[in-house]
$ cat final-v7.txt   # compact mmCIF, C-alpha atoms and all ligand atoms
# COMPACT_ATOMS: atom_id res chain seq x y z
CA MET A 24 0.00 0.00 0.00
CA GLN A 25 1.32 3.46 -0.90
CA SER A 26 1.92 6.05 1.79
CA ALA A 27 -0.52 8.93 2.17
CA ALA A 28 2.20 11.39 1.14
CA ALA A 29 2.93 9.43 -2.02
CA GLY A 30 -0.79 9.30 -2.77
CA VAL A 31 -1.11 13.06 -2.44
CA ALA A 32 1.86 13.61 -4.73
CA ALA A 33 0.49 11.18 -7.32
CA THR A 34 -3.16 12.20 -7.34
CA GLY A 35 -3.24 15.76 -6.07
CA PHE A 36 -5.68 14.69 -3.35
CA ALA A 37 -5.10 16.34 -0.03
CA PRO A 38 -7.71 16.34 2.72
CA ARG A 39 -8.92 19.90 3.20
CA ALA A 40 -10.45 21.77 6.06
CA LEU A 41 -14.05 22.49 5.01
CA ALA A 42 -14.78 26.02 3.78
CA SER A 43 -11.50 27.23 5.18
CA ASP A 44 -11.29 30.53 3.25
CA ALA A 45 -10.48 33.13 5.90
CA SER A 46 -11.86 35.99 3.76
CA PHE A 47 -15.40 34.59 4.00
CA ASP A 48 -17.55 36.15 6.70
CA PRO A 49 -20.70 34.01 7.04
CA ARG A 50 -22.42 36.81 9.03
CA SER A 51 -22.23 39.27 6.15
CA TRP A 52 -24.72 38.86 3.28
CA THR A 53 -22.33 40.85 1.08
CA SER A 54 -19.60 38.36 1.84
CA VAL A 55 -21.98 35.43 1.20
CA ARG A 56 -22.90 36.90 -2.19
CA ALA A 57 -19.21 37.50 -2.98
CA GLN A 58 -18.61 33.74 -2.81
CA PHE A 59 -20.67 33.31 -6.01
CA ALA A 60 -19.71 34.12 -9.59
CA LEU A 61 -23.09 35.58 -10.61
CA ASP A 62 -23.44 37.82 -13.65
CA PRO A 63 -23.06 41.30 -12.10
CA HIS A 64 -25.18 42.89 -14.87
CA VAL A 65 -28.42 41.09 -13.97
CA THR A 66 -30.65 40.84 -10.90
CA ASN A 67 -31.26 37.17 -10.51
CA PHE A 68 -34.47 35.94 -8.87
CA ALA A 69 -34.10 32.44 -10.28
CA THR A 70 -30.95 31.27 -8.51
CA PHE A 71 -33.05 28.54 -6.90
CA LEU A 72 -33.75 26.93 -10.27
CA LEU A 73 -30.33 25.34 -10.77
CA ALA A 74 -27.76 26.36 -8.22
CA PRO A 75 -24.77 28.56 -8.79
CA HIS A 76 -21.84 27.15 -6.79
CA PRO A 77 -20.22 29.13 -3.97
CA ARG A 78 -16.43 29.38 -3.94
CA PRO A 79 -15.73 26.46 -1.54
CA VAL A 80 -17.88 24.19 -3.72
CA ARG A 81 -16.22 25.39 -6.94
CA ASP A 82 -12.79 24.86 -5.39
CA ALA A 83 -13.63 21.36 -4.16
CA ILE A 84 -15.08 20.36 -7.53
CA ALA A 85 -12.01 21.68 -9.33
CA GLN A 86 -9.66 19.83 -7.02
CA HIS A 87 -11.46 16.48 -7.39
CA ALA A 88 -11.79 16.96 -11.15
CA ARG A 89 -8.07 17.71 -11.48
CA SER A 90 -7.19 14.53 -9.64
CA LEU A 91 -9.63 12.45 -11.67
CA ASP A 92 -8.30 13.94 -14.90
CA ARG A 93 -4.71 13.20 -13.93
CA ASP A 94 -5.22 9.58 -12.94
CA SER A 95 -8.79 8.49 -12.26
CA LYS A 96 -7.81 4.85 -11.76
CA ARG A 97 -5.42 5.60 -8.93
CA TYR A 98 -7.61 8.30 -7.44
CA LEU A 99 -10.49 5.83 -7.28
CA ASP A 100 -8.18 3.01 -6.21
CA ARG A 101 -7.39 4.88 -3.07
CA GLN A 102 -10.39 3.27 -1.46
CA GLU A 103 -9.73 4.83 1.88
CA ASP A 104 -9.90 8.30 0.40
CA MET A 105 -12.92 7.44 -1.74
CA GLY A 106 -14.83 5.95 1.18
CA ALA A 107 -13.74 8.85 3.33
CA ALA A 108 -14.93 11.33 0.71
CA GLU A 109 -18.45 9.85 0.65
CA GLN A 110 -18.46 9.57 4.42
CA ARG A 111 -17.55 13.27 4.64
CA VAL A 112 -20.65 14.02 2.54
CA ARG A 113 -22.93 11.93 4.74
CA SER A 114 -21.45 13.40 7.91
CA ALA A 115 -21.75 17.00 6.69
CA ALA A 116 -25.35 16.38 5.55
CA ALA A 117 -26.23 14.61 8.80
CA ARG A 118 -24.73 17.41 10.87
CA TYR A 119 -26.66 20.05 8.93
CA LEU A 120 -29.95 18.10 9.01
CA LYS A 121 -29.49 16.85 12.58
CA VAL A 122 -30.11 13.24 11.52
CA GLY A 123 -28.07 10.03 11.50
CA ALA A 124 -25.64 9.65 8.58
CA ASP A 125 -27.05 6.16 7.94
CA GLU A 126 -30.53 7.61 7.42
CA LEU A 127 -29.41 9.38 4.23
CA ALA A 128 -29.30 8.07 0.68
CA LEU A 129 -27.28 10.10 -1.82
CA THR A 130 -28.88 10.73 -5.22
CA ASP A 131 -28.40 12.96 -8.25
CA SER A 132 -31.65 14.96 -7.98
CA THR A 133 -35.08 15.25 -6.40
CA THR A 134 -36.52 13.43 -9.40
CA MET A 135 -34.16 10.49 -8.98
CA GLY A 136 -35.02 10.32 -5.28
CA LEU A 137 -38.76 10.38 -5.92
CA GLY A 138 -38.44 7.71 -8.61
CA LEU A 139 -36.46 5.46 -6.28
CA LEU A 140 -38.78 6.03 -3.34
CA TYR A 141 -42.13 5.67 -5.09
CA GLY A 142 -40.82 2.90 -7.35
CA GLY A 143 -39.52 0.97 -4.32
CA LEU A 144 -42.30 1.39 -1.74
CA ARG A 145 -43.52 -1.97 -0.51
CA LEU A 146 -47.27 -2.15 -1.04
CA ASP A 147 -49.84 -4.85 -0.50
CA GLU A 148 -52.31 -5.53 -3.30
CA ASP A 149 -55.05 -3.23 -2.01
CA ASP A 150 -52.79 -0.46 -0.68
CA GLU A 151 -53.16 2.96 -2.24
CA ILE A 152 -50.95 6.04 -2.45
CA VAL A 153 -52.69 9.39 -2.11
CA THR A 154 -51.09 12.40 -3.77
CA THR A 155 -52.28 15.89 -4.66
CA THR A 156 -53.07 17.98 -7.73
CA HIS A 157 -50.45 20.54 -6.61
CA ASP A 158 -47.35 18.40 -7.02
CA PHE A 159 -44.72 18.73 -9.72
CA PHE A 160 -44.35 16.40 -12.71
CA SER A 161 -41.61 14.42 -10.93
CA THR A 162 -44.02 13.18 -8.23
CA HIS A 163 -46.96 12.61 -10.60
CA GLU A 164 -44.85 10.78 -13.15
CA ALA A 165 -42.98 8.65 -10.58
CA LEU A 166 -46.35 7.52 -9.24
CA ARG A 167 -47.84 6.98 -12.71
CA LEU A 168 -44.87 4.82 -13.70
CA ARG A 169 -45.14 2.89 -10.45
CA ALA A 170 -48.84 2.24 -11.14
CA LEU A 171 -48.02 1.16 -14.71
CA ARG A 172 -45.40 -1.31 -13.53
CA THR A 173 -47.21 -2.86 -10.58
CA GLY A 174 -50.84 -1.80 -10.78
CA ALA A 175 -50.47 0.23 -7.56
CA HIS A 176 -53.50 2.42 -6.82
CA VAL A 177 -52.83 6.15 -6.91
CA ARG A 178 -55.40 8.84 -6.09
CA LYS A 179 -55.03 12.62 -6.41
CA ILE A 180 -56.72 15.11 -4.10
CA ARG A 181 -56.92 18.89 -3.95
CA LEU A 182 -55.70 20.54 -0.75
CA TYR A 183 -56.92 24.11 -1.26
CA ALA A 184 -59.27 25.93 -3.61
CA ASN A 185 -57.35 29.22 -3.72
CA ALA A 186 -53.64 29.35 -2.95
CA ARG A 187 -53.64 32.95 -1.72
CA THR A 188 -56.32 32.29 0.90
CA ALA A 189 -55.39 28.70 1.80
CA SER A 190 -55.32 27.90 5.52
CA VAL A 191 -53.74 25.19 7.66
CA ASP A 192 -57.22 24.03 8.62
CA GLU A 193 -58.39 23.76 5.00
CA ILE A 194 -55.30 21.76 4.02
CA VAL A 195 -55.31 19.40 7.01
CA SER A 196 -59.06 18.81 6.68
CA ALA A 197 -58.62 17.86 3.02
CA VAL A 198 -55.95 15.35 4.04
CA ARG A 199 -58.13 13.91 6.82
CA ARG A 200 -61.04 13.42 4.42
CA ALA A 201 -58.85 11.68 1.84
CA ILE A 202 -57.23 9.03 4.02
CA THR A 203 -58.93 5.63 3.95
CA PRO A 204 -58.01 2.32 5.59
CA LYS A 205 -56.28 1.40 2.32
CA THR A 206 -53.99 4.44 2.28
CA ARG A 207 -50.39 3.38 2.81
CA ALA A 208 -48.57 6.57 1.74
CA LEU A 209 -49.28 10.26 1.26
CA ALA A 210 -47.07 11.87 -1.40
CA VAL A 211 -46.91 15.65 -1.09
CA THR A 212 -44.61 18.60 -1.77
CA TRP A 213 -43.32 20.88 0.99
CA VAL A 214 -43.34 24.11 -1.02
CA HIS A 215 -45.44 24.06 -4.19
CA SER A 216 -43.50 25.35 -7.16
CA SER A 217 -46.89 25.94 -8.83
CA THR A 218 -48.15 28.52 -6.28
CA GLY A 219 -45.50 29.08 -3.60
CA VAL A 220 -47.77 27.52 -0.94
CA LYS A 221 -45.77 25.87 1.84
CA LEU A 222 -47.64 22.93 3.30
CA PRO A 223 -47.96 22.60 7.09
CA ILE A 224 -46.13 19.27 7.05
CA ARG A 225 -46.03 18.95 10.85
CA ALA A 226 -49.81 19.44 11.13
CA ILE A 227 -50.39 16.98 8.29
CA ALA A 228 -48.12 14.43 9.99
CA ASP A 229 -50.03 14.84 13.24
CA ALA A 230 -53.32 14.18 11.42
CA LEU A 231 -52.17 10.92 9.81
CA PRO A 232 -52.59 7.42 11.24
CA ALA A 233 -49.21 5.83 11.98
CA ARG A 234 -49.58 3.28 9.15
CA VAL A 235 -49.54 6.07 6.51
CA LEU A 236 -46.05 7.03 5.35
CA LEU A 237 -45.72 10.76 4.80
CA CYS A 238 -43.40 11.23 1.80
CA VAL A 239 -42.35 14.76 0.92
CA ASP A 240 -40.72 16.37 -2.10
CA GLY A 241 -38.81 18.93 -0.08
CA VAL A 242 -36.78 20.67 -2.74
CA HIS A 243 -38.16 24.21 -2.40
CA GLY A 244 -37.97 24.06 1.39
CA PHE A 245 -34.52 22.46 1.56
CA GLY A 246 -32.13 25.36 2.14
CA ALA A 247 -34.95 27.93 2.20
CA GLU A 248 -36.44 26.71 5.49
CA ALA A 249 -34.56 25.78 8.65
CA THR A 250 -36.81 23.03 10.04
CA PRO A 251 -34.87 19.75 10.15
CA PRO A 252 -36.69 16.65 8.86
CA GLN A 253 -37.29 15.08 12.28
CA GLU A 254 -39.13 18.20 13.43
CA LEU A 255 -41.03 18.40 10.16
CA GLY A 256 -42.60 15.09 11.11
CA CYS A 257 -42.50 13.29 7.76
CA ASP A 258 -41.23 9.75 7.17
CA PHE A 259 -39.28 10.52 3.99
CA LEU A 260 -37.90 13.83 2.74
CA VAL A 261 -36.61 13.83 -0.82
CA SER A 262 -34.64 16.75 -2.16
CA GLY A 263 -32.13 17.88 -4.70
CA CYS A 264 -29.26 19.84 -3.16
CA HIS A 265 -28.87 21.98 -6.27
CA LYS A 266 -31.60 24.53 -5.63
CA TRP A 267 -31.92 26.64 -2.47
CA LEU A 268 -28.95 24.97 -0.74
CA PHE A 269 -26.62 25.95 -3.64
CA GLY A 270 -24.99 22.53 -3.59
CA PRO A 271 -23.26 20.95 -6.58
CA ARG A 272 -25.48 20.56 -9.63
CA GLY A 273 -26.48 16.91 -9.91
CA THR A 274 -26.71 16.10 -6.20
CA GLY A 275 -29.59 15.18 -3.91
CA VAL A 276 -30.58 13.22 -0.83
CA ILE A 277 -33.35 11.04 0.48
CA TRP A 278 -33.74 11.18 4.23
CA GLY A 279 -35.88 8.50 5.84
CA ARG A 280 -36.78 7.94 9.49
CA ALA A 281 -34.63 5.06 10.74
CA ASP A 282 -37.61 2.73 11.15
CA ALA A 283 -39.31 3.82 7.90
CA TRP A 284 -36.53 2.65 5.59
CA SER A 285 -37.62 -0.98 5.73
CA ALA A 286 -40.71 0.05 3.72
CA VAL A 287 -38.57 0.55 0.61
CA THR A 288 -36.77 -1.89 -1.68
CA PRO A 289 -33.77 -0.53 -3.61
CA THR A 290 -33.92 -0.42 -7.41
CA ILE A 291 -30.39 0.48 -8.49
CA PRO A 292 -27.50 -1.59 -7.08
CA THR A 293 -25.37 0.34 -4.62
CA PHE A 294 -21.58 0.26 -4.90
CA ASP A 295 -21.11 0.28 -1.15
CA GLY A 296 -18.37 -2.16 -0.14
CA ARG A 297 -20.70 -3.97 2.25
CA ALA A 298 -22.85 -4.93 -0.75
CA ILE A 299 -20.12 -5.69 -3.26
CA ARG A 300 -17.76 -7.60 -1.00
CA PRO A 301 -20.06 -10.61 -0.40
CA TRP A 302 -20.78 -10.73 -4.13
CA LEU A 303 -17.04 -10.81 -4.86
CA GLU A 304 -16.74 -13.68 -2.39
CA GLY A 305 -19.61 -15.55 -4.02
CA VAL A 306 -21.92 -15.13 -1.03
CA ALA A 307 -25.58 -14.56 -1.94
CA PRO A 308 -27.20 -11.78 0.12
CA PRO A 309 -30.20 -12.82 2.23
CA PRO A 310 -33.52 -11.81 0.58
CA ALA A 311 -34.28 -9.39 3.42
CA GLY A 312 -31.08 -7.45 2.69
CA ILE A 313 -27.50 -7.49 3.93
CA PRO A 314 -27.75 -7.25 7.74
CA ASP A 315 -25.01 -4.62 8.31
CA LEU A 316 -25.94 -2.51 5.28
CA PRO A 317 -28.28 0.35 6.25
CA ARG A 318 -31.23 0.50 3.85
CA ALA A 319 -30.48 4.18 3.14
CA VAL A 320 -27.01 3.20 1.96
CA ALA A 321 -28.48 0.36 -0.12
CA MET A 322 -30.80 3.00 -1.65
CA THR A 323 -27.79 5.09 -2.79
CA PRO A 324 -27.43 4.25 -6.49
CA GLY A 325 -24.08 2.79 -7.46
CA GLY A 326 -22.26 3.05 -10.72
CA PHE A 327 -19.66 5.76 -11.19
CA HIS A 328 -20.90 9.31 -10.81
CA THR A 329 -19.69 12.82 -11.38
CA PHE A 330 -17.72 12.20 -8.21
CA GLU A 331 -16.25 15.69 -8.22
CA HIS A 332 -19.78 17.05 -7.68
CA ARG A 333 -20.95 14.40 -5.24
CA TRP A 334 -17.90 14.77 -3.03
CA ALA A 335 -18.09 18.58 -3.07
CA LEU A 336 -21.56 18.34 -1.49
CA ALA A 337 -19.81 18.24 1.89
CA GLU A 338 -18.53 21.77 1.27
CA ALA A 339 -22.06 22.96 0.35
CA PHE A 340 -23.56 21.68 3.61
CA GLU A 341 -20.70 23.11 5.60
CA PHE A 342 -20.93 26.46 3.79
CA ARG A 343 -24.64 26.68 4.69
CA ARG A 344 -24.07 25.45 8.22
CA ARG A 345 -21.59 28.28 8.75
CA ILE A 346 -24.13 30.82 7.51
CA GLY A 347 -26.74 29.21 9.75
CA PRO A 348 -29.95 27.59 8.50
CA THR A 349 -32.09 29.82 10.73
CA ARG A 350 -30.42 33.03 9.52
CA ALA A 351 -30.71 31.88 5.89
CA ALA A 352 -34.40 31.07 6.32
CA ALA A 353 -35.08 34.40 8.07
CA ARG A 354 -33.34 36.30 5.26
CA THR A 355 -35.25 34.39 2.58
CA HIS A 356 -38.56 35.05 4.33
CA ALA A 357 -37.78 38.74 4.90
CA LEU A 358 -37.04 39.27 1.20
CA ALA A 359 -40.08 37.28 0.06
CA GLN A 360 -42.36 39.19 2.48
CA ARG A 361 -40.98 42.51 1.23
CA LEU A 362 -41.56 41.43 -2.35
CA LYS A 363 -45.14 40.26 -1.70
CA LYS A 364 -45.95 43.48 0.18
CA GLY A 365 -44.63 45.59 -2.70
CA LEU A 366 -46.43 43.54 -5.36
CA ALA A 367 -49.70 43.57 -3.39
CA GLU A 368 -49.77 47.37 -3.71
CA LEU A 369 -49.71 47.26 -7.52
CA ASN A 370 -53.13 47.55 -9.15
CA ARG A 371 -52.56 45.19 -12.05
CA VAL A 372 -50.90 42.46 -10.00
CA ARG A 373 -52.70 39.50 -8.46
CA LEU A 374 -50.58 37.61 -5.96
CA VAL A 375 -50.98 33.83 -5.90
CA THR A 376 -48.68 33.00 -2.97
CA PRO A 377 -50.07 33.46 0.57
CA GLN A 378 -48.74 36.36 2.66
CA SER A 379 -48.38 34.22 5.80
CA THR A 380 -44.86 32.93 6.45
CA ALA A 381 -46.47 29.78 7.91
CA LEU A 382 -47.83 28.99 4.44
CA SER A 383 -45.07 30.30 2.18
CA ALA A 384 -41.29 30.19 1.84
CA GLY A 385 -39.07 31.81 -0.81
CA LEU A 386 -41.19 31.35 -3.93
CA VAL A 387 -43.44 34.26 -4.93
CA CYS A 388 -45.97 33.63 -7.71
CA PHE A 389 -48.23 36.23 -9.30
CA GLU A 390 -50.12 37.35 -12.40
CA VAL A 391 -50.16 40.71 -14.17
CA ASP A 392 -53.53 41.69 -15.60
CA GLY A 393 -53.69 41.49 -19.37
CA THR A 394 -50.10 40.23 -19.87
CA SER A 395 -49.11 36.60 -20.20
CA PRO A 396 -46.58 35.33 -17.62
CA PHE A 397 -44.16 34.58 -20.47
CA ASP A 398 -44.36 38.20 -21.69
CA VAL A 399 -43.90 39.50 -18.14
CA VAL A 400 -40.75 37.42 -17.73
CA ASP A 401 -39.41 38.56 -21.13
CA ARG A 402 -40.11 42.22 -20.38
CA LEU A 403 -38.56 42.05 -16.91
CA TYR A 404 -35.36 40.91 -18.50
CA ALA A 405 -35.45 43.11 -21.61
CA ARG A 406 -36.25 46.31 -19.71
CA SER A 407 -34.72 45.78 -16.28
CA ARG A 408 -32.30 42.84 -16.58
CA ILE A 409 -34.30 40.94 -13.98
CA VAL A 410 -34.20 37.15 -14.25
CA ALA A 411 -37.59 35.65 -13.39
CA SER A 412 -39.23 32.39 -14.44
CA VAL A 413 -42.64 30.99 -15.33
CA THR A 414 -44.06 28.15 -13.23
CA PRO A 415 -43.81 24.87 -15.22
CA TYR A 416 -47.48 23.86 -14.79
CA SER A 417 -50.64 23.87 -16.90
CA THR A 418 -51.66 27.14 -15.22
CA PRO A 419 -48.53 29.28 -15.55
CA TYR A 420 -47.67 32.19 -13.22
CA VAL A 421 -44.74 34.58 -13.01
CA ARG A 422 -42.35 33.38 -10.31
CA LEU A 423 -39.63 35.27 -8.45
CA GLY A 424 -37.53 33.42 -5.91
CA PRO A 425 -35.57 35.79 -3.69
CA SER A 426 -32.73 33.88 -2.07
CA ILE A 427 -29.87 34.68 0.31
CA LEU A 428 -28.02 36.00 -2.75
CA ASN A 429 -30.50 38.88 -3.17
CA THR A 430 -30.79 42.19 -1.30
CA PRO A 431 -33.72 44.35 -0.17
CA SER A 432 -32.84 46.96 -2.81
CA GLU A 433 -32.95 44.27 -5.52
CA VAL A 434 -36.43 43.36 -4.28
CA ASP A 435 -37.50 47.02 -4.52
CA HIS A 436 -36.03 47.18 -8.03
CA ALA A 437 -38.12 44.11 -8.97
CA VAL A 438 -41.31 45.68 -7.61
CA ARG A 439 -40.69 48.86 -9.64
CA ALA A 440 -39.93 46.78 -12.72
CA VAL A 441 -43.16 44.78 -12.37
CA ALA A 442 -45.08 48.06 -11.94
CA SER A 443 -43.83 49.22 -15.33
CA VAL A 444 -44.36 45.96 -17.20
C1 LIG B 501 -41.50 20.66 -6.66
C2 LIG B 501 -40.37 20.23 -7.54
N1 LIG B 501 -39.85 18.99 -7.38
C3 LIG B 501 -38.84 18.55 -8.14
C4 LIG B 501 -38.26 19.35 -9.10
C5 LIG B 501 -37.12 18.79 -9.89
O1 LIG B 501 -35.96 18.87 -9.10
P1 LIG B 501 -34.66 18.08 -9.49
O2 LIG B 501 -34.02 18.83 -10.62
O3 LIG B 501 -33.79 18.10 -8.27
O4 LIG B 501 -35.07 16.72 -9.91
C6 LIG B 501 -38.77 20.66 -9.31
C7 LIG B 501 -38.25 21.59 -10.29
O5 LIG B 501 -37.27 21.54 -10.92
C8 LIG B 501 -39.84 21.10 -8.51
O6 LIG B 501 -40.36 22.31 -8.68
$ encode --input "final-v7.txt" --output "structure tokens"
Amino acid sequence: MQSAAAGVAATGFAPRALASDASFDPRSWTSVRAQFALDPHVTNFATFLLAPHPRPVRDAIAQHARSLDRDSKRYLDRQEDMGAAEQRVRSAAARYLKVGADELALTDSTTMGLGLLYGGLRLDEDDEIVTTTHDFFSTHEALRLRALRTGAHVRKIRLYANARTASVDEIVSAVRRAITPKTRALAVTWVHSSTGVKLPIRAIADALPARVLLCVDGVHGFGAEATPPQELGCDFLVSGCHKWLFGPRGTGVIWGRADAWSAVTPTIPTFDGRAIRPWLEGVAPPPAGIPDLPRAVAMTPGGFHTFEHRWALAEAFEFRRRIGPTRAAARTHALAQRLKKGLAELNRVRLVTPQSTALSAGLVCFEVDGTSPFDVVDRLYARSRIVASVTPYSTPYVRLGPSILNTPSEVDHAVRAVASV
């Protein structure tokens, strides 16, 4: 076995202190923003769509990529470093989310996580999954494909009639009415990218019988909200890390409660040593799974990945941990509230997202009288260099997503720009 020093010389890999740049002040929003390489000529309210990488993440990706480009065989051969790299990711994620590292599966996106979860849920013949009309394509399609493959029963319900005036009571009552003795899982989304409504997940969890698994697409809450999954009260939280967390593009997690994981069967073989080693030794795994292999690890798809991105996820969690999840959530809410207040005063604007911070997060959706959302987005950019987006749903709205990379004056600029659309 080569010495660590020889390995470093040969591969360029050197263990780093996480986010060690002394010039970064996590308490200063200006310093946080300075860690990103955003176009300085635009005001970007769509950073949540596909994350820009902060400096520590860019540096980590570049370092791993350099080593892989120089000698991928030997970089990967250094099993200790490779295992340690993935363990660093799990540990950083677990520390940030306040969960056990073995409760986390690593994925490439929310969509991959939802596909694995809904494709792998163990269901009896009569069991049904209840979902809602408000979810994104990824949830609906994962469930449709599951039903196609296995004949699983899927039912969609509506949780609120009008997003702007939705209430916790209306949402929880709709859930209560929908659950039947056959319901085995409820598939919902934490923050609706269609309307900006944030579901009261804790209240929904409290209203569910214990046999119903509460499965949540958390991507627009993950990094925008501070509530850790255990407090949220769900059984599974699925999220990409490449939206509000600003993690490496192509990364995600599935968190499952320790005793909920047994409800899922993996689909894609993991490359964890505990799974491969018995196979190499010709030992067949027991049908119930390899005893010392946590189900979350078994649910982490194997095959080679863009390892430079996966391994740099540790830096993203640590970067956000240093800023503080509570401070980041408070900043996101303050900007979104300021934006909604400003927009609400404009005559031609109809807000879709609720004003209450209990029922909204960072997404702000609205309509402008007499102008299509697509034209609004085009004009905001053409006239004011504001980057906005249109919700990807059959009823489209204009969507602005103020994040920790925005400032109050950028929000005011956006309000003025919408007024003159
Ligand atoms: C609610 C919701 N879930 C999932 C996704 C897809 O996320 P990912 O790219 O991580 O699969 C999106 C949008 O991109 C979304 O709005």
$ closest_atom_pairs --input "final-v7.txt" --of "chain A" --to "ligand LIG 501 (chain B)" --cutoff "8 Å" --atoms "only C-alpha atoms and all ligand atoms" --output "JSON lines"
{"residue": "A:Leu72", "atom": "CA", "partner": "B:LIG501", "partner_atom": "O5", "distance": 6.5}
{"residue": "A:Leu73", "atom": "CA", "partner": "B:LIG501", "partner_atom": "O2", "distance": 7.5}
{"residue": "A:Asp131", "atom": "CA", "partner": "B:LIG501", "partner_atom": "O3", "distance": 7.4}
{"residue": "A:Ser132", "atom": "CA", "partner": "B:LIG501", "partner_atom": "O3", "distance": 3.8}
{"residue": "A:Thr133", "atom": "CA", "partner": "B:LIG501", "partner_atom": "O3", "distance": 3.6}
{"residue": "A:Thr134", "atom": "CA", "partner": "B:LIG501", "partner_atom": "O4", "distance": 3.6}
{"residue": "A:Met135", "atom": "CA", "partner": "B:LIG501", "partner_atom": "O4", "distance": 6.4}
{"residue": "A:Gly136", "atom": "CA", "partner": "B:LIG501", "partner_atom": "O4", "distance": 7.9}
{"residue": "A:Asp158", "atom": "CA", "partner": "B:LIG501", "partner_atom": "C1", "distance": 6.3}
{"residue": "A:Phe159", "atom": "CA", "partner": "B:LIG501", "partner_atom": "C1", "distance": 4.8}
{"residue": "A:Phe160", "atom": "CA", "partner": "B:LIG501", "partner_atom": "N1", "distance": 7.4}
{"residue": "A:Ser161", "atom": "CA", "partner": "B:LIG501", "partner_atom": "C3", "distance": 5.7}
{"residue": "A:Thr162", "atom": "CA", "partner": "B:LIG501", "partner_atom": "N1", "distance": 7.2}
{"residue": "A:Thr212", "atom": "CA", "partner": "B:LIG501", "partner_atom": "C1", "distance": 6.2}
{"residue": "A:Trp213", "atom": "CA", "partner": "B:LIG501", "partner_atom": "C1", "distance": 7.9}
{"residue": "A:Val214", "atom": "CA", "partner": "B:LIG501", "partner_atom": "C1", "distance": 6.9}
{"residue": "A:His215", "atom": "CA", "partner": "B:LIG501", "partner_atom": "C1", "distance": 5.8}
{"residue": "A:Ser216", "atom": "CA", "partner": "B:LIG501", "partner_atom": "O6", "distance": 4.6}
{"residue": "A:Ser217", "atom": "CA", "partner": "B:LIG501", "partner_atom": "O6", "distance": 7.5}
{"residue": "A:Asp240", "atom": "CA", "partner": "B:LIG501", "partner_atom": "N1", "distance": 6.0}
{"residue": "A:Gly241", "atom": "CA", "partner": "B:LIG501", "partner_atom": "C1", "distance": 7.3}
{"residue": "A:Val242", "atom": "CA", "partner": "B:LIG501", "partner_atom": "N1", "distance": 5.8}
{"residue": "A:His243", "atom": "CA", "partner": "B:LIG501", "partner_atom": "C1", "distance": 6.5}
{"residue": "A:Ser262", "atom": "CA", "partner": "B:LIG501", "partner_atom": "O3", "distance": 6.3}
{"residue": "A:Gly263", "atom": "CA", "partner": "B:LIG501", "partner_atom": "O3", "distance": 3.9}
{"residue": "A:Cys264", "atom": "CA", "partner": "B:LIG501", "partner_atom": "O3", "distance": 7.0}
{"residue": "A:His265", "atom": "CA", "partner": "B:LIG501", "partner_atom": "O3", "distance": 6.6}
{"residue": "A:Lys266", "atom": "CA", "partner": "B:LIG501", "partner_atom": "O3", "distance": 7.3}
{"residue": "A:Gly273", "atom": "CA", "partner": "B:LIG501", "partner_atom": "O3", "distance": 7.6}
{"residue": "A:Thr274", "atom": "CA", "partner": "B:LIG501", "partner_atom": "O3", "distance": 7.6}
{"residue": "A:Gly275", "atom": "CA", "partner": "B:LIG501", "partner_atom": "O3", "distance": 6.7}
{"residue": "A:Pro415", "atom": "CA", "partner": "B:LIG501", "partner_atom": "O6", "distance": 7.8}
$ atom_distance --input "final-v7.txt" --atom1 "atom CA of A:Ile409" --atom2 "atom CA of A:Lys364"
18.5 Å
$ atom_distance --input "final-v7.txt" --atom1 "atom CA of A:Ser383" --atom2 "atom CA of A:Lys221"
4.5 Å
$ atom_distance --input "final-v7.txt" --atom1 "atom CA of A:Val413" --atom2 "atom CA of A:Pro425"
14.4 Å
$ closest_residue --input "final-v7.txt" --among "A:Ala128, A:Gln253, A:Ala247, A:Arg93" --to "A:Arg113" --atoms "all atoms listed in the file"
A:Ala128
$ closest_residue --input "final-v7.txt" --among "A:Leu362, A:Ala85, A:Val372, A:Ala351" --to "A:Leu268" --atoms "all atoms listed in the file"
A:Ala351
$ closest_residue --input "final-v7.txt" --among "A:Ala45, A:Val400, A:Leu61, A:Leu358" --to "A:Asn429" --atoms "all atoms listed in the file"
A:Leu358
$ closest_residue --input "final-v7.txt" --among "A:Gly246, A:Gly305, A:Gly123, A:Pro75" --to "A:Ile346" --atoms "all atoms listed in the file"
A:Gly246
$ residues_near_point --input "final-v7.txt" --point "(-39.6, 6.2, -3.9)" --cutoff "12 Å" --atoms "only C-alpha atoms" --output "ChimeraX atom specification"
/A:128,130,133-146,152,161-166,168-169,208-210,236-240,258-262,276-279,284,286-291,319,322-323
$ residues_near_point --input "final-v7.txt" --point "(-37.9, 48.5, -17.5)" --cutoff "12 Å" --atoms "only C-alpha atoms" --output "list of chain:residue names"
A:Val399, A:Val400, A:Asp401, A:Arg402, A:Leu403, A:Tyr404, A:Ala405, A:Arg406, A:Ser407, A:Arg408, A:Ile409, A:His436, A:Ala437, A:Val438, A:Arg439, A:Ala440, A:Val441, A:Ala442, A:Ser443, A:Val444
$ closest_residue --input "final-v7.txt" --among "A:Ser426, A:Thr355, A:Ser51, A:Thr66" --to "A:Phe269" --atoms "only C-alpha atoms"
A:Ser426
$ closest_residue --input "final-v7.txt" --among "A:Pro301, A:Pro309, A:Gly393, A:Pro317" --to "A:Ser285" --atoms "all atoms listed in the file"
A:Pro317
$ residues_around --input "final-v7.txt" --residues "A:Ile180" --least-positions-apart "5" --cutoff "9 Å" --atoms "only C-alpha atoms" --output "ChimeraX atom specification"
/A:153-157,197-198,201
